[in-house]
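Visitor: As input, take query_14.cif (mmCIF, C-alpha atoms):
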```cif
data_target
#
loop_
_atom_site.group_PDB
_atom_site.id
_atom_site.type_symbol
_atom_site.label_atom_id
_atom_site.label_comp_id
_atom_site.auth_asym_id
_atom_site.auth_seq_id
_atom_site.Cartn_x
_atom_site.Cartn_y
_atom_site.Cartn_z
ATOM 1 C CA MET G 1 0.000 0.000 0.000
ATOM 2 C CA SER G 2 1.383 3.389 -1.015
ATOM 3 C CA TYR G 3 0.368 7.031 -1.107
ATOM 4 C CA PHE G 4 1.014 7.750 -4.767
ATOM 5 C CA ILE G 5 2.011 11.237 -5.909
ATOM 6 C CA CYS G 6 1.251 12.660 -9.341
ATOM 7 C CA ASN G 7 4.508 13.666 -11.020
ATOM 8 C CA THR G 8 2.856 16.536 -12.890
ATOM 9 C CA CYS G 9 1.092 18.420 -10.087
ATOM 10 C CA GLY G 10 2.807 16.895 -7.053
ATOM 11 C CA VAL G 11 -0.448 16.117 -5.219
ATOM 12 C CA GLN G 12 -0.481 13.002 -3.039
ATOM 13 C CA HIS G 13 -3.428 10.597 -3.301
ATOM 14 C CA ASP G 14 -5.020 8.227 -0.825
ATOM 15 C CA GLN G 15 -3.405 4.896 -0.004
ATOM 16 C CA SER G 16 -3.772 2.162 -2.616
ATOM 17 C CA THR G 17 -2.092 -1.035 -3.747
ATOM 18 C CA GLN G 18 -1.529 0.230 -7.276
ATOM 19 C CA GLU G 19 -1.161 3.514 -9.109
ATOM 20 C CA PRO G 20 -4.437 5.408 -9.631
ATOM 21 C CA ASN G 21 -5.867 5.486 -13.137
ATOM 22 C CA GLU G 22 -5.841 9.262 -13.237
ATOM 23 C CA CYS G 23 -5.073 12.376 -11.227
ATOM 24 C CA LYS G 24 -8.318 14.300 -10.870
ATOM 25 C CA ILE G 25 -6.372 17.474 -10.120
ATOM 26 C CA CYS G 26 -4.606 17.309 -13.492
ATOM 27 C CA ASN G 27 -7.450 15.814 -15.515
ATOM 28 C CA GLU G 28 -9.399 19.090 -15.372
ATOM 29 C CA ALA G 29 -9.443 22.366 -17.320
ATOM 30 C CA ARG G 30 -7.340 24.315 -14.796
ATOM 31 C CA GLN G 31 -4.431 21.854 -14.915
ATOM 32 C CA TYR G 32 -3.146 19.400 -17.501
ATOM 33 C CA VAL G 33 -1.929 15.844 -17.997
ATOM 34 C CA SER G 34 1.705 15.681 -19.087
ATOM 35 C CA VAL G 35 2.355 15.174 -22.790
ATOM 36 C CA ASN G 36 4.293 12.083 -21.670
ATOM 37 C CA GLY G 37 1.193 10.689 -19.997
ATOM 38 C CA GLN G 38 0.155 10.162 -16.395
ATOM 39 C CA SER G 39 2.967 9.010 -14.121
ATOM 40 C CA TRP G 40 3.368 8.486 -10.399
ATOM 41 C CA THR G 41 5.949 8.389 -7.642
ATOM 42 C CA THR G 42 5.914 8.251 -3.835
ATOM 43 C CA LEU G 43 7.504 10.409 -1.167
ATOM 44 C CA GLU G 44 9.731 7.485 -0.215
ATOM 45 C CA GLN G 45 10.995 7.247 -3.800
ATOM 46 C CA LEU G 46 11.688 10.978 -3.926
ATOM 47 C CA ILE G 47 13.694 10.813 -0.696
ATOM 48 C CA GLN G 48 15.584 7.661 -1.710
ATOM 49 C CA SER G 49 16.567 9.245 -5.025
ATOM 50 C CA LYS G 50 18.687 11.761 -3.065
ATOM 51 C CA ARG G 51 17.987 14.165 -5.886
ATOM 52 C CA TYR G 52 15.901 16.704 -3.977
ATOM 53 C CA LYS G 53 16.315 19.042 -1.050
ATOM 54 C CA ASN G 54 14.365 21.962 0.369
ATOM 55 C CA GLU G 55 16.000 25.384 0.396
ATOM 56 C CA PHE G 56 14.993 27.921 3.055
ATOM 57 C CA THR G 57 15.156 31.645 2.295
ATOM 58 C CA HIS G 58 14.776 34.256 5.026
ATOM 59 C CA GLU G 59 12.474 36.787 3.363
ATOM 60 C CA GLU G 60 12.000 39.214 6.239
ATOM 61 C CA GLU G 61 11.550 39.167 9.988
ATOM 62 C CA GLY G 62 9.190 36.307 10.838
ATOM 63 C CA LEU G 63 9.030 34.886 7.319
ATOM 64 C CA HIS G 64 10.814 32.107 5.445
ATOM 65 C CA SER G 65 10.070 30.714 2.004
ATOM 66 C CA ILE G 66 10.771 27.050 1.297
ATOM 67 C CA LYS G 67 11.340 25.653 -2.178
ATOM 68 C CA THR G 68 12.258 22.203 -3.454
ATOM 69 C CA VAL G 69 15.315 22.059 -5.724
ATOM 70 C CA PRO G 70 15.428 20.878 -8.377
ATOM 71 C CA SER G 71 11.824 21.851 -9.009
ATOM 72 C CA PHE G 72 9.169 19.179 -8.572
ATOM 73 C CA GLY G 73 5.518 19.211 -9.668
ATOM 74 C CA ILE G 74 4.219 22.738 -10.233
ATOM 75 C CA GLY G 75 7.273 24.255 -8.551
ATOM 76 C CA GLN G 76 5.605 26.587 -6.052
ATOM 77 C CA ASN G 77 7.061 27.908 -2.793
ATOM 78 C CA THR G 78 5.605 27.358 0.618
ATOM 79 C CA TYR G 79 5.913 30.079 3.273
ATOM 80 C CA LEU G 80 6.520 29.698 6.999
ATOM 81 C CA ILE G 81 5.006 32.674 8.821
ATOM 82 C CA GLN G 82 6.247 33.119 12.396
ATOM 83 C CA HIS G 83 3.728 35.236 14.274
ATOM 84 C CA GLU G 84 3.674 35.554 18.067
ATOM 85 C CA LYS G 85 4.793 31.933 18.615
ATOM 86 C CA PHE G 86 2.079 30.789 16.200
ATOM 87 C CA ASN G 87 3.707 29.463 13.040
ATOM 88 C CA VAL G 88 1.599 29.029 9.919
ATOM 89 C CA LEU G 89 2.644 27.099 6.819
ATOM 90 C CA TRP G 90 1.009 28.802 3.871
ATOM 91 C CA ASP G 91 0.380 26.473 0.932
ATOM 92 C CA CYS G 92 2.365 23.283 0.637
ATOM 93 C CA ILE G 93 5.083 21.573 -1.361
ATOM 94 C CA THR G 94 5.379 17.852 -1.971
ATOM 95 C CA TYR G 95 8.873 17.155 -0.700
ATOM 96 C CA ILE G 96 9.422 16.782 3.034
ATOM 97 C CA ASP G 97 12.310 14.957 4.705
ATOM 98 C CA LYS G 98 14.067 14.718 8.094
ATOM 99 C CA GLU G 99 16.256 17.739 7.339
ATOM 100 C CA THR G 100 13.204 19.865 6.559
ATOM 101 C CA ILE G 101 11.420 18.763 9.733
ATOM 102 C CA THR G 102 14.504 19.506 11.845
ATOM 103 C CA LYS G 103 14.934 22.983 10.340
ATOM 104 C CA ILE G 104 11.286 23.905 10.858
ATOM 105 C CA ASN G 105 11.333 22.638 14.438
ATOM 106 C CA GLU G 106 14.332 24.902 15.042
ATOM 107 C CA LEU G 107 12.121 27.765 13.811
ATOM 108 C CA GLY G 108 9.312 26.873 16.218
ATOM 109 C CA GLY G 109 7.461 24.115 14.368
ATOM 110 C CA ILE G 110 4.092 24.534 12.668
ATOM 111 C CA GLN G 111 0.872 25.273 14.543
ATOM 112 C CA ALA G 112 -1.402 25.509 11.476
ATOM 113 C CA ILE G 113 -1.329 24.790 7.746
ATOM 114 C CA ALA G 114 -3.515 26.856 5.404
ATOM 115 C CA LEU G 115 -4.119 26.225 1.722
ATOM 116 C CA SER G 116 -5.018 28.591 -1.095
ATOM 117 C CA HIS G 117 -6.446 25.983 -3.499
ATOM 118 C CA PRO G 118 -6.188 22.319 -4.617
ATOM 119 C CA HIS G 119 -3.129 22.664 -6.886
ATOM 120 C CA TYR G 120 -1.009 23.174 -3.761
ATOM 121 C CA TYR G 121 -2.432 20.429 -1.553
ATOM 122 C CA SER G 122 0.726 18.469 -2.424
ATOM 123 C CA SER G 123 1.627 16.115 0.455
ATOM 124 C CA GLN G 124 -0.193 18.281 3.005
ATOM 125 C CA VAL G 125 -1.144 15.321 5.199
ATOM 126 C CA GLU G 126 2.517 14.292 5.516
ATOM 127 C CA TRP G 127 3.326 17.814 6.735
ATOM 128 C CA ALA G 128 0.347 17.868 9.105
ATOM 129 C CA GLU G 129 1.271 14.544 10.667
ATOM 130 C CA ALA G 130 4.944 15.495 11.006
ATOM 131 C CA PHE G 131 4.067 18.616 13.000
ATOM 132 C CA LYS G 132 0.717 17.537 14.487
ATOM 133 C CA ALA G 133 -0.873 20.588 12.870
ATOM 134 C CA PRO G 134 -4.420 21.106 11.539
ATOM 135 C CA ILE G 135 -4.921 21.810 7.838
ATOM 136 C CA TYR G 136 -7.383 24.588 6.950
ATOM 137 C CA ILE G 137 -9.187 24.214 3.606
ATOM 138 C CA HIS G 138 -12.307 26.046 2.530
ATOM 139 C CA GLU G 139 -15.300 23.721 2.360
ATOM 140 C CA ASP G 140 -16.059 24.839 -1.213
ATOM 141 C CA ASP G 141 -12.976 22.904 -2.352
ATOM 142 C CA LYS G 142 -13.680 19.790 -0.310
ATOM 143 C CA GLU G 143 -14.296 17.672 -3.428
ATOM 144 C CA TRP G 144 -10.671 18.128 -4.550
ATOM 145 C CA VAL G 145 -9.060 16.551 -1.492
ATOM 146 C CA THR G 146 -7.323 13.405 -2.771
ATOM 147 C CA ARG G 147 -6.024 12.154 0.580
ATOM 148 C CA PRO G 148 -8.573 12.504 3.407
ATOM 149 C CA SER G 149 -7.315 13.091 6.937
ATOM 150 C CA LYS G 150 -8.598 13.893 10.405
ATOM 151 C CA GLN G 151 -6.081 16.744 10.343
ATOM 152 C CA ILE G 152 -8.186 18.624 7.768
ATOM 153 C CA VAL G 153 -10.541 21.348 8.983
ATOM 154 C CA PHE G 154 -13.071 22.509 6.393
ATOM 155 C CA TRP G 155 -13.959 26.082 7.216
ATOM 156 C CA LYS G 156 -16.999 28.043 6.048
ATOM 157 C CA GLY G 157 -17.850 31.573 5.041
ATOM 158 C CA ASP G 158 -15.643 34.330 3.655
ATOM 159 C CA GLN G 159 -13.236 34.843 6.553
ATOM 160 C CA LEU G 160 -11.493 32.827 9.253
ATOM 161 C CA LYS G 161 -9.171 34.198 11.946
ATOM 162 C CA LEU G 162 -6.490 31.587 12.644
ATOM 163 C CA HIS G 163 -4.807 33.766 15.240
ATOM 164 C CA GLU G 164 -4.723 37.443 16.125
ATOM 165 C CA GLY G 165 -3.141 39.023 13.056
ATOM 166 C CA ILE G 166 -3.533 35.941 10.806
ATOM 167 C CA VAL G 167 -6.751 35.869 8.762
ATOM 168 C CA LEU G 168 -7.899 33.711 5.853
ATOM 169 C CA HIS G 169 -10.156 35.248 3.208
ATOM 170 C CA ARG G 170 -12.132 33.258 0.640
ATOM 171 C CA LEU G 171 -11.641 35.121 -2.620
ATOM 172 C CA GLY G 172 -12.911 32.643 -5.209
ATOM 173 C CA GLY G 173 -11.979 33.003 -8.866
ATOM 174 C CA HIS G 174 -9.367 30.370 -9.683
ATOM 175 C CA PHE G 175 -11.389 27.906 -7.564
ATOM 176 C CA LYS G 176 -14.668 28.419 -5.765
ATOM 177 C CA GLY G 177 -12.982 28.146 -2.378
ATOM 178 C CA ALA G 178 -9.802 29.969 -3.425
ATOM 179 C CA THR G 179 -8.257 31.567 -0.348
ATOM 180 C CA ILE G 180 -5.680 34.232 0.445
ATOM 181 C CA LEU G 181 -3.928 34.898 3.765
ATOM 182 C CA GLU G 182 -3.630 38.275 5.481
ATOM 183 C CA TRP G 183 -0.685 38.770 7.860
ATOM 184 C CA GLN G 184 -0.735 41.877 10.008
ATOM 185 C CA ASN G 185 2.895 41.775 11.137
ATOM 186 C CA LYS G 186 2.875 45.046 13.163
ATOM 187 C CA LYS G 187 4.927 46.822 10.487
ATOM 188 C CA GLU G 188 2.660 46.556 7.480
ATOM 189 C CA GLY G 189 -0.059 44.353 6.102
ATOM 190 C CA VAL G 190 1.243 41.454 4.009
ATOM 191 C CA LEU G 191 -0.898 39.336 1.693
ATOM 192 C CA PHE G 192 -0.108 35.791 0.557
ATOM 193 C CA VAL G 193 -2.078 34.904 -2.549
ATOM 194 C CA GLY G 194 -0.749 31.625 -3.999
ATOM 195 C CA ASP G 195 -1.680 32.108 -7.627
ATOM 196 C CA ILE G 196 -5.239 33.143 -6.888
ATOM 197 C CA VAL G 197 -3.645 36.456 -7.819
ATOM 198 C CA ARG G 198 -0.376 36.182 -9.759
ATOM 199 C CA VAL G 199 2.402 38.754 -9.820
ATOM 200 C CA VAL G 200 3.570 39.379 -13.392
ATOM 201 C CA ALA G 201 7.094 39.860 -14.751
ATOM 202 C CA ASP G 202 7.728 43.482 -13.784
ATOM 203 C CA ARG G 203 6.426 43.125 -10.190
ATOM 204 C CA GLN G 204 4.199 46.164 -10.660
ATOM 205 C CA TRP G 205 1.073 44.376 -11.835
ATOM 206 C CA VAL G 206 -0.896 41.222 -11.066
ATOM 207 C CA THR G 207 -3.211 39.029 -13.085
ATOM 208 C CA PHE G 208 -6.175 36.741 -12.465
ATOM 209 C CA MET G 209 -6.821 33.477 -14.310
ATOM 210 C CA TYR G 210 -9.157 30.513 -14.297
ATOM 211 C CA SER G 211 -6.327 28.408 -15.748
ATOM 212 C CA TYR G 212 -2.728 29.561 -16.023
ATOM 213 C CA PRO G 213 -1.285 26.639 -18.042
ATOM 214 C CA ASN G 214 -4.258 26.660 -20.424
ATOM 215 C CA PHE G 215 -4.533 30.489 -20.617
ATOM 216 C CA ILE G 216 -8.225 30.625 -19.675
ATOM 217 C CA PRO G 217 -9.142 34.039 -18.230
ATOM 218 C CA LEU G 218 -11.671 34.851 -15.564
ATOM 219 C CA PRO G 219 -14.761 36.902 -16.469
ATOM 220 C CA ALA G 220 -14.791 40.630 -15.775
ATOM 221 C CA ASN G 221 -17.472 40.464 -13.088
ATOM 222 C CA THR G 222 -15.478 37.845 -11.147
ATOM 223 C CA VAL G 223 -12.314 39.934 -11.258
ATOM 224 C CA ALA G 224 -14.256 43.028 -10.171
ATOM 225 C CA ARG G 225 -15.677 41.104 -7.203
ATOM 226 C CA MET G 226 -12.223 39.811 -6.224
ATOM 227 C CA ALA G 227 -10.745 43.302 -6.430
ATOM 228 C CA ASN G 228 -13.538 44.766 -4.328
ATOM 229 C CA ARG G 229 -12.967 42.112 -1.685
ATOM 230 C CA MET G 230 -9.208 42.747 -1.628
ATOM 231 C CA ASN G 231 -9.844 46.466 -1.296
ATOM 232 C CA THR G 232 -11.302 45.804 2.178
ATOM 233 C CA ILE G 233 -7.990 44.290 3.363
ATOM 234 C CA GLN G 234 -5.168 46.584 4.443
ATOM 235 C CA PHE G 235 -1.866 45.432 2.941
ATOM 236 C CA ASN G 236 1.240 47.019 1.482
ATOM 237 C CA LYS G 237 3.217 43.928 0.408
ATOM 238 C CA LEU G 238 2.150 40.852 -1.573
ATOM 239 C CA TYR G 239 3.806 37.428 -2.045
ATOM 240 C CA ASP G 240 2.661 34.995 -4.718
ATOM 241 C CA ALA G 241 3.389 31.267 -4.987
ATOM 242 C CA PHE G 242 6.448 31.617 -7.209
ATOM 243 C CA HIS G 243 8.566 34.009 -5.186
ATOM 244 C CA ARG G 244 7.347 37.090 -6.987
ATOM 245 C CA VAL G 245 6.813 39.954 -4.579
ATOM 246 C CA ILE G 246 5.257 43.405 -4.772
ATOM 247 C CA SER G 247 7.242 45.095 -2.031
ATOM 248 C CA ASP G 248 5.348 48.377 -1.768
ATOM 249 C CA ASP G 249 1.928 49.855 -2.611
ATOM 250 C CA ALA G 250 0.582 46.369 -3.336
ATOM 251 C CA GLN G 251 -3.047 47.183 -2.546
ATOM 252 C CA ASN G 252 -3.103 49.989 -5.105
ATOM 253 C CA ARG G 253 -1.276 47.864 -7.683
ATOM 254 C CA VAL G 254 -3.914 45.128 -7.338
ATOM 255 C CA GLN G 255 -6.719 47.623 -7.957
ATOM 256 C CA LEU G 256 -4.992 49.128 -10.995
ATOM 257 C CA SER G 257 -4.317 45.641 -12.338
ATOM 258 C CA ALA G 258 -7.960 44.623 -11.977
ATOM 259 C CA LYS G 259 -9.071 47.717 -13.901
ATOM 260 C CA ARG G 260 -6.565 46.972 -16.659
ATOM 261 C CA TYR G 261 -7.626 43.331 -16.837
ATOM 262 C CA ILE G 262 -11.319 44.220 -17.078
ATOM 263 C CA ALA G 263 -10.610 46.872 -19.713
ATOM 264 C CA ALA G 264 -8.766 44.265 -21.791
ATOM 265 C CA LEU G 265 -11.635 41.779 -21.548
ATOM 266 C CA GLU G 266 -14.099 44.457 -22.583
ATOM 267 C CA GLY G 267 -11.977 45.536 -25.542
ATOM 268 C CA ASN G 268 -11.203 48.975 -24.144
ATOM 269 C CA LEU G 269 -7.448 48.582 -23.727
ATOM 270 C CA PHE G 270 -6.332 48.190 -27.294
ATOM 271 C CA ASN G 271 -6.142 50.441 -30.341
ATOM 272 C CA THR G 272 -7.069 47.842 -32.941
#
```
Could you quickly redo this structure as C-alpha cells?

Guide:
Amino acid sequence: MSYFICNTCGVQHDQSTQEPNECKICNEARQYVSVNGQSWTTLEQLIQSKRYKNEFTHEEEGLHSIKTVPSFGIGQNTYLIQHEKFNVLWDCITYIDKETITKINELGGIQAIALSHPHYYSSQVEWAEAFKAPIYIHEDDKEWVTRPSKQIVFWKGDQLKLHEGIVLHRLGGHFKGATILEWQNKKEGVLFVGDIVRVVADRQWVTFMYSYPNFIPLPANTVARMANRMNTIQFNKLYDAFHRVISDDAQNRVQLSAKRYIAALEGNLFNT
C-alpha cells in the first residue's frame, strides 16, 4: 500500500495497492496531464533518489520561504510565517524529509497549515502529521481533497481568523474556495495569494486566471468582485506562490491591475 504522488502536479493521493488510473487534479481544465502521460511516484521514492532538497530563504523578519530544488511538480514555494509563537505554513510543497522537519522545528514548528487551493495540496497530510498541525481548507474545495485526513478542517464563510493578526479570506476566482492569507505583522499588512492572484514579470502588476497553463481568463465580473474584496484588506506587500513579490503599494497595484484586466476583456485597452 502506497500514497502515490502525481509527477505533474505533485499532489499526493489516498493509499492504494496500485497507481491510480488518473489524477483528478490534473485531468481538469485548470491543470493538464503531461504530454508524456500520467505518471506516479511516492515520497519514499523521492527521498531515496537523493535528488531533492528543500532550500529555506529568510524573506524578512518572521518569514521564510521554502522551495524544493530541483523543481518538482508545479514548482511553487511554501511560506513559513512566524507570528507571536504561532507558526503558519502557507500552501504546501510535496517534498518533506528529516532535514526539513529539523529545520522547521528549530524555527518553532508549525501550529497551522492553510491552503489557497487544490493545486497546492501536495503532500499536506505528511506535513500535518509530522508537526501535528491542523490543515485549513475552505469547504467549497472539499471535493478536490485526494487524501482525506482527520487533520483537515473545512472552514466556512468568507473569513477565518487563525490567530490574532492571521486571517484567511475566501476570494474565489481560480477555484470556488480559493483563499488568500492576510498577515498583520505590526509593520505593514502582508498578503499571501498563492496564484489566486499572480504577480507578473515586472512586479508592478498582477493578473487573475481561471487556468494559467491553459490560458483561460476569468470573467470581468469575477475579477471586479475579487478586487472589491481585496480592497477591504489593508496590505502594502504581496507574495505569490512563485517568489514574486510586490514590495510596496501592493493594494493599489492590485486595484490598478484589476481595472486593466477588465478593460482588456471588454476591448477597451487596445487600439485595434

Visitor: What lies within 9 Å of Met226 (chain G) using only C-alpha atoms, ignoring chain neighbours under 4 positions off, as a list in words?

Guide: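 Non-adjacent residues within range: Leu171, Gly172, Gly173, Asn221, Thr222, Met230, Asn231 and Ala258 of chain G.
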
Visitor: Counting only C-alpha atoms, which of G:Tyr121, G:Phe192, G:Trp205, G:Tyr212 gets nearest to Cys92 (chain G)?

Guide: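 Nearest to Cys92 (chain G): G:Tyr121.
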
Visitor: Rank nothing, just name the residue among G:Ala227, G:Val206, G:Leu46, G:Ile233 nearest to Val167 (chain G), using all atoms listed in the file.

Guide: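 The answer is G:Ile233, which sits nearest to Val167 (chain G).
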
Visitor: Which one is closest to Ala128 (chain G): G:Gln151, G:Ser16, G:Ser211, G:Thr146? Count only C-alpha atoms.

Guide: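 Of G:Gln151, G:Ser16, G:Ser211, G:Thr146, the one nearest Ala128 (chain G) is G:Gln151, counting only C-alpha atoms.
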
Visitor: Closest to Trp40 (chain G) among G:Cys9, G:Leu63, G:Ile135, G:Ile25, using all atoms listed in the file?

Guide: G:Cys9

Visitor: Counting only C-alpha atoms, write as a VMD selection string all protein and nucleic acid residues lying at most 12 Å from (5.5, 45.5, 10.2) in the file's frame.

Guide: chain G and resid 60 to 63 83 165 183 to 190 235 to 237

Visitor: Which neighbours of Trp155 (chain G) fall inside 8 Å, counting all atoms listed in the file, when residues of the same chain fewer than 5 positions from it are skipped, and could you give them as a list in words?

Guide: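 After dropping sequence-adjacent residues, the list is Tyr136, Ile137, His138, Glu139 and Leu160 of chain G.
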
Visitor: Which polymer residues, protein or nucleic acid, are no farther than 10 Å from (2.3, 33.5, -2.1), counting all atoms listed in the file, as a list in words?

Guide: Ser65, Gln76, Asn77, Thr78, Tyr79, Trp90, Asp91, Ser116, Ile180, Leu181, Leu191, Phe192, Val193, Gly194, Asp195, Ile196, Val197, Arg198, Val199, Leu238, Tyr239, Asp240, Ala241, Phe242, His243, Arg244 and Val245 of chain G

Visitor: Out of G:Val145, G:Met209, G:Val69, G:Ile113, which residue has the shortest atom-to-atom distance to Lys50 (chain G) when counting all atoms listed in the file?

Guide: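 Closest residue, counting all atoms listed in the file: G:Val69.
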
Visitor: Care to translate the PyMOL selection byres ((chain G and resi 30-36) around 8) into actual residues of this file, as a ChimeraX atom specification?

Guide: /G:8,25-29,37-38,210-214

Visitor: Edge lengths and centre in Å to one decimal, as lines of an AutoDock Vina configuration file, is what I'm after for the box along x, y and z that holds all listed atoms of region 139-150 of chain G once 5 Å is added on each side.

Guide:
```
center_x = -11.0
center_y = 18.5
center_z = 2.9
size_x = 20.0
size_y = 22.7
size_z = 25.0
```

Visitor: With all atoms listed in the file as the basis for distance, which of G:Arg147, G:Arg253, G:Lys259, G:His169 is at the shortest distance from Val223 (chain G)?

Guide: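 Nearest to Val223 (chain G): G:Lys259.
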